[in-house]
Amino acid sequence: MEIPGKEFYNRLDIDSVLSAVEDAGFSVSGHCLALNSLENRVYDVGLEEGGRLVVKFYRPGRWTLNQILEEHSFLKELEEGEIPVVAPLPLENGVTVRETKGIYYTIWPLQKGRLVEELDKNNLIQTGRLLARIHNIGASKQSKHRIEYNLKNFGEEPLRFLKEKEFLPTHLWKRYEDACNRIFNSFSQASKEMPFHRIHGDCHKGNLIQTADGLCFIDFDDFVTGPAIQDFWMLLPFGDSSSEYEREIFLEGYREFREFRHSWFDLVEPLRGLRYIHYSAWIAKRWEDPSFPNAFPHFGTEEYWERETQDLERLGSDLPLSTEEDGRNSFQKVEESELTNKDFFWDMED
């Protein structure tokens, strides 16, 4: 079934962007710069009277209007709670979403700042405090429209898509599926009785900037209902004793405002595994978008799937056996070099 607005979205040009901003009530200067974003189309647009705005065109078929509006409502709650975030500009009659030729778009203030490369002690404490306050507001009410970060949405359905569309080489499928099922079992065990509430959803250093006023969280496009640890594991280091020290500094700030249990860290590796699977399905679902083959030239090759399978097997082999398993471990131990942010973050500036 053809998604409304898809064709226009894939051929979106500067004239269409400027026209959309003018239709929203702004006089543009003609300056229009495409920003580095794959999931959505995002542009830096200049105004005739000076200053600049950011206009974001949402990928057709990804979020419903109600889901987008709920993201904006959450940002408004956070702003009212004096938490540094970037919320969309209210337009005529207070609306924050407009539509052009079947696609939704939103206009945002241009927030100047720089990406945070490393979190020092002060930043770790401040980040912990900010995330705790975000989670306090996130837990204050339930989400009506956004999806939940659960096994079905971020594991089983992506795996089913890859299987039905036959993306993997036949000889790798059994290994890949076995590794996924091991991760699914571990996620089910570790997430039992863990509280779920509204969270950022894609909380890594690419979505944390340093402004003149301090740290600021940006890009709540992936905002979901999920466990607090989902907003931790991509942001904090894991591995050696120094990593543990940095995590404790972060938790010192977090616990000033909100409870956190160390047992919740048991969910980190299953979450990492789900991200592998979801990542591959995310690329596969968007392969017809001309920007994706250019961004991921090795996707779909046998080398790509061999590496993905080995990574999942390595990760799964270190997870505890679930009560449903018979104690046998068929996973290969695969020695791999340590992964970096590039292995996990595919749309750093979305």
# chains A, B, ... in the order shown; residues from 1 in each chain; ligands from 1
$ select_by_dssp --residues "region 118-257 of chain A" --states "strand (DSSP E or B)" --output "JSON, numbers by chain"
{"A": [148, 196, 197, 198, 199, 208, 209, 210, 211, 214, 215, 216, 217, 224, 225, 226, 227]}
$ closest_residue --among "A:Ala295, A:Leu267, A:Ile103, A:Leu312" --to "Phe8 (chain A)" --atoms "only C-alpha atoms"
A:Ile103
$ closest_atom_pairs --of "region 86-154 of chain A" --to "region 234-242 of chain A" --cutoff "10 Å" --atoms "only C-alpha atoms" --output "CSV"
residue,atom,partner,partner_atom,distance
A:Glu118,CA,A:Leu235,CA,9.9
A:Leu119,CA,A:Leu236,CA,8.7
A:Leu124,CA,A:Leu236,CA,8.9
A:Thr127,CA,A:Leu235,CA,9.6
$ write_last_selection --atoms "C-alpha atoms" --output "PDB file, in the first residue's frame"
ATOM      1  CA  GLU A 118      32.820  13.898  26.851  1.00  0.00           C
ATOM      2  CA  LEU A 119      30.926  14.167  30.122  1.00  0.00           C
ATOM      3  CA  LEU A 124      27.691  13.825  34.654  1.00  0.00           C
ATOM      4  CA  THR A 127      22.943  15.189  33.251  1.00  0.00           C
TER       5      THR A 127
END
$ closest_residue --among "A:Glu7, A:Asp120, A:Glu39, A:Glu82" --to "Arg247 (chain A)" --atoms "only C-alpha atoms"
A:Asp120
$ residues_around --residues "Ala132 (chain A)" --least-positions-apart "2" --cutoff "9 Å" --atoms "only C-alpha atoms" --output "list in words"
Thr127, Gly128, Arg129, Leu130, Ile134, His135, Asn136, Ile137, Ala228, Gly253, Tyr254, Arg255, Glu256, Phe257, Arg258 and Glu259 of chain A
$ write_last_selection --atoms "all heavy atoms" --output "short mmCIF file (atom, residue, chain, number, x, y, z; two decimals), in the first residue's frame"
data_model
loop_
_atom_site.label_atom_id
_atom_site.label_comp_id
_atom_site.auth_asym_id
_atom_site.auth_seq_id
_atom_site.Cartn_x
_atom_site.Cartn_y
_atom_site.Cartn_z
N THR A 127 23.73 16.03 34.16
CA THR A 127 22.94 15.19 33.25
C THR A 127 22.06 14.23 34.04
O THR A 127 20.89 14.00 33.69
CB THR A 127 23.86 14.39 32.31
OG1 THR A 127 24.70 15.29 31.59
CG2 THR A 127 23.06 13.57 31.32
N GLY A 128 22.59 13.66 35.11
CA GLY A 128 21.79 12.79 35.97
C GLY A 128 20.60 13.52 36.55
O GLY A 128 19.48 12.98 36.57
N ARG A 129 20.81 14.72 37.02
CA ARG A 129 19.70 15.51 37.58
C ARG A 129 18.64 15.80 36.52
O ARG A 129 17.44 15.67 36.77
CB ARG A 129 20.24 16.83 38.15
CG ARG A 129 21.08 16.69 39.42
CD ARG A 129 21.77 18.00 39.73
NE ARG A 129 22.56 17.91 40.95
CZ ARG A 129 23.56 18.74 41.24
NH1 ARG A 129 23.88 19.72 40.38
NH2 ARG A 129 24.23 18.61 42.36
N LEU A 130 19.09 16.21 35.32
CA LEU A 130 18.14 16.55 34.27
C LEU A 130 17.32 15.33 33.84
O LEU A 130 16.10 15.43 33.66
CB LEU A 130 18.89 17.13 33.06
CG LEU A 130 19.46 18.53 33.22
CD1 LEU A 130 20.25 18.93 31.97
CD2 LEU A 130 18.37 19.55 33.48
N ILE A 134 13.32 14.78 33.96
CA ILE A 134 12.56 14.37 32.78
C ILE A 134 11.72 13.14 33.10
O ILE A 134 10.53 13.06 32.76
CB ILE A 134 13.51 14.09 31.60
CG1 ILE A 134 14.10 15.40 31.07
CG2 ILE A 134 12.77 13.36 30.47
CD1 ILE A 134 15.18 15.22 30.01
N HIS A 135 12.32 12.17 33.78
CA HIS A 135 11.60 10.94 34.11
C HIS A 135 10.50 11.17 35.14
O HIS A 135 9.47 10.50 35.11
CB HIS A 135 12.59 9.88 34.60
CG HIS A 135 13.49 9.38 33.51
ND1 HIS A 135 14.60 8.59 33.75
CD2 HIS A 135 13.45 9.57 32.16
CE1 HIS A 135 15.19 8.30 32.60
NE2 HIS A 135 14.52 8.89 31.62
N ASN A 136 10.71 12.11 36.06
CA ASN A 136 9.64 12.44 37.01
C ASN A 136 8.40 12.95 36.29
O ASN A 136 7.27 12.55 36.58
CB ASN A 136 10.12 13.47 38.03
CG ASN A 136 10.94 12.87 39.15
OD1 ASN A 136 10.85 11.66 39.41
ND2 ASN A 136 11.75 13.67 39.80
N ILE A 137 8.63 13.85 35.34
CA ILE A 137 7.50 14.36 34.55
C ILE A 137 6.96 13.26 33.64
O ILE A 137 5.75 13.12 33.47
CB ILE A 137 7.92 15.60 33.75
CG1 ILE A 137 8.21 16.77 34.71
CG2 ILE A 137 6.86 15.99 32.72
CD1 ILE A 137 8.71 18.03 34.05
N ALA A 228 13.60 3.39 32.41
CA ALA A 228 14.56 4.50 32.57
C ALA A 228 15.93 4.15 32.02
O ALA A 228 16.62 5.00 31.45
CB ALA A 228 14.67 4.88 34.05
N GLY A 253 23.76 12.34 40.85
CA GLY A 253 22.85 13.41 40.46
C GLY A 253 21.44 12.91 40.23
O GLY A 253 20.47 13.55 40.67
N TYR A 254 21.30 11.75 39.60
CA TYR A 254 19.96 11.21 39.30
C TYR A 254 19.18 10.95 40.58
O TYR A 254 17.99 11.29 40.68
CB TYR A 254 20.11 9.92 38.49
CG TYR A 254 18.81 9.39 37.93
CD1 TYR A 254 18.36 9.78 36.67
CD2 TYR A 254 18.03 8.47 38.64
CE1 TYR A 254 17.18 9.29 36.13
CE2 TYR A 254 16.84 7.97 38.12
CZ TYR A 254 16.42 8.39 36.86
OH TYR A 254 15.23 7.91 36.34
N ARG A 255 19.84 10.38 41.57
CA ARG A 255 19.15 9.99 42.80
C ARG A 255 18.78 11.17 43.69
O ARG A 255 18.07 11.00 44.68
CB ARG A 255 20.01 8.99 43.58
CG ARG A 255 20.00 7.60 42.94
CD ARG A 255 20.87 6.64 43.69
NE ARG A 255 20.67 5.27 43.23
CZ ARG A 255 21.64 4.37 43.09
NH1 ARG A 255 22.90 4.72 43.36
NH2 ARG A 255 21.37 3.15 42.68
N GLU A 256 19.27 12.35 43.36
CA GLU A 256 18.80 13.53 44.08
C GLU A 256 17.32 13.77 43.83
O GLU A 256 16.62 14.39 44.65
CB GLU A 256 19.60 14.76 43.67
CG GLU A 256 21.04 14.78 44.15
CD GLU A 256 21.75 16.05 43.72
OE1 GLU A 256 21.06 17.08 43.51
OE2 GLU A 256 22.98 16.03 43.58
N PHE A 257 16.83 13.28 42.67
CA PHE A 257 15.45 13.56 42.28
C PHE A 257 14.60 12.30 42.07
O PHE A 257 13.37 12.38 42.09
CB PHE A 257 15.42 14.37 40.98
CG PHE A 257 15.96 15.75 41.12
CD1 PHE A 257 17.31 16.01 40.89
CD2 PHE A 257 15.14 16.80 41.50
CE1 PHE A 257 17.82 17.30 41.02
CE2 PHE A 257 15.65 18.09 41.64
CZ PHE A 257 16.98 18.34 41.40
N ARG A 258 15.26 11.13 41.88
CA ARG A 258 14.48 9.96 41.52
C ARG A 258 15.23 8.67 41.89
O ARG A 258 16.46 8.62 41.83
CB ARG A 258 14.17 9.97 40.03
CG ARG A 258 13.20 8.89 39.58
CD ARG A 258 12.70 9.16 38.15
NE ARG A 258 11.78 8.10 37.73
CZ ARG A 258 10.50 8.08 38.04
NH1 ARG A 258 9.96 9.06 38.76
NH2 ARG A 258 9.72 7.10 37.62
N GLU A 259 14.48 7.65 42.25
CA GLU A 259 15.06 6.35 42.59
C GLU A 259 15.66 5.67 41.36
O GLU A 259 15.12 5.77 40.26
CB GLU A 259 13.98 5.44 43.18
CG GLU A 259 14.47 4.04 43.49
CD GLU A 259 13.33 3.07 43.81
OE1 GLU A 259 12.19 3.34 43.39
OE2 GLU A 259 13.61 2.04 44.45
#
$ select_by_dssp --residues "region 127-215 of chain A" --states "alpha helix (DSSP H)" --output "number ranges by chain"
A: 127-138, 151, 157-164, 170-190
$ residues_around --residues "region 268-284 of chain A" --least-positions-apart "6" --cutoff "8 Å" --atoms "only C-alpha atoms" --output "list in words"
Phe154, Gly155, Pro158, Leu159, Phe161, Leu162, Phe167, Cys180, Ile183, Phe184, Ser186, Phe187, Ile229, Gln230, Trp233, Phe292, Glu308, Leu312, Leu315, Gly316, Leu319, Phe344 and Trp346 of chain A
$ residues_around --residues "Leu75 (chain A)" --least-positions-apart "2" --cutoff "12 Å" --atoms "only C-alpha atoms" --output "VMD selection string"
chain A and resid 68 to 73 77 to 89 96 108 134 137 to 138 198 to 200 217 to 221 223
$ write_last_selection --atoms "N, CA and C atoms" --output "short mmCIF file (atom, residue, chain, number, x, y, z; two decimals), in the first residue's frame"
data_model
loop_
_atom_site.label_atom_id
_atom_site.label_comp_id
_atom_site.auth_asym_id
_atom_site.auth_seq_id
_atom_site.Cartn_x
_atom_site.Cartn_y
_atom_site.Cartn_z
N ILE A 68 2.64 12.64 16.99
CA ILE A 68 3.49 13.83 16.89
C ILE A 68 3.06 14.88 17.91
N LEU A 69 1.75 15.09 18.00
CA LEU A 69 1.24 16.08 18.95
C LEU A 69 1.56 15.68 20.39
N GLU A 70 1.59 14.38 20.66
CA GLU A 70 1.93 13.95 22.01
C GLU A 70 3.40 14.21 22.33
N GLU A 71 4.26 14.08 21.33
CA GLU A 71 5.67 14.48 21.52
C GLU A 71 5.75 15.96 21.89
N HIS A 72 5.02 16.79 21.17
CA HIS A 72 5.05 18.23 21.43
C HIS A 72 4.46 18.57 22.79
N SER A 73 3.42 17.84 23.18
CA SER A 73 2.82 18.06 24.49
C SER A 73 3.81 17.70 25.61
N GLU A 77 5.35 20.13 28.57
CA GLU A 77 5.38 19.81 29.99
C GLU A 77 6.78 20.00 30.56
N LEU A 78 7.78 19.54 29.80
CA LEU A 78 9.16 19.66 30.27
C LEU A 78 9.58 21.12 30.35
N GLU A 79 9.20 21.92 29.36
CA GLU A 79 9.50 23.36 29.39
C GLU A 79 8.87 24.01 30.60
N GLU A 80 7.61 23.69 30.86
CA GLU A 80 6.92 24.27 32.02
C GLU A 80 7.55 23.82 33.33
N GLY A 81 8.23 22.67 33.31
CA GLY A 81 8.96 22.21 34.49
C GLY A 81 10.36 22.76 34.55
N GLU A 82 10.67 23.74 33.69
CA GLU A 82 11.96 24.44 33.65
C GLU A 82 13.12 23.48 33.35
N ILE A 83 12.83 22.50 32.50
CA ILE A 83 13.87 21.58 32.03
C ILE A 83 14.33 22.04 30.66
N PRO A 84 15.63 22.20 30.45
CA PRO A 84 16.13 22.72 29.16
C PRO A 84 15.94 21.72 28.02
N VAL A 85 14.93 21.97 27.20
CA VAL A 85 14.67 21.20 25.99
C VAL A 85 14.31 22.19 24.89
N VAL A 86 14.19 21.71 23.66
CA VAL A 86 13.78 22.57 22.55
C VAL A 86 12.40 22.10 22.10
N ALA A 87 11.42 22.98 22.24
CA ALA A 87 10.04 22.67 21.87
C ALA A 87 9.68 23.39 20.58
N PRO A 88 8.71 22.87 19.81
CA PRO A 88 8.32 23.52 18.56
C PRO A 88 7.63 24.84 18.80
N LEU A 89 7.69 25.73 17.81
CA LEU A 89 7.04 27.03 17.93
C LEU A 89 5.53 26.89 17.72
N THR A 96 1.02 23.33 16.41
CA THR A 96 2.46 23.11 16.26
C THR A 96 2.78 22.22 15.06
N TRP A 108 10.74 24.99 14.41
CA TRP A 108 11.41 25.03 15.71
C TRP A 108 12.34 26.24 15.77
N ILE A 134 13.32 14.78 33.96
CA ILE A 134 12.56 14.37 32.78
C ILE A 134 11.72 13.14 33.10
N ILE A 137 8.63 13.85 35.34
CA ILE A 137 7.50 14.36 34.55
C ILE A 137 6.96 13.26 33.64
N GLY A 138 7.86 12.45 33.09
CA GLY A 138 7.43 11.35 32.24
C GLY A 138 6.53 10.37 32.97
N ARG A 198 7.11 7.47 30.39
CA ARG A 198 7.57 8.24 29.23
C ARG A 198 9.05 8.58 29.39
N ILE A 199 9.82 8.35 28.33
CA ILE A 199 11.26 8.61 28.34
C ILE A 199 11.67 9.27 27.03
N HIS A 200 12.91 9.76 26.98
CA HIS A 200 13.44 10.36 25.75
C HIS A 200 13.44 9.32 24.62
N PHE A 217 18.73 18.94 26.43
CA PHE A 217 18.36 17.74 25.67
C PHE A 217 17.56 18.13 24.44
N ILE A 218 17.88 17.51 23.31
CA ILE A 218 17.19 17.81 22.06
C ILE A 218 16.66 16.52 21.44
N ASP A 219 15.85 16.67 20.41
CA ASP A 219 15.37 15.59 19.55
C ASP A 219 14.64 14.49 20.32
N PHE A 220 13.38 14.74 20.64
CA PHE A 220 12.52 13.76 21.29
C PHE A 220 11.69 12.99 20.27
N ASP A 221 12.17 12.91 19.04
CA ASP A 221 11.43 12.26 17.96
C ASP A 221 11.16 10.79 18.26
N PHE A 223 10.68 9.57 21.32
CA PHE A 223 10.07 9.49 22.64
C PHE A 223 9.05 8.35 22.70
#
$ atom_distance --atom1 "CA of Arg114 (chain A)" --atom2 "CA of Asp213 (chain A)"
11.9 Å
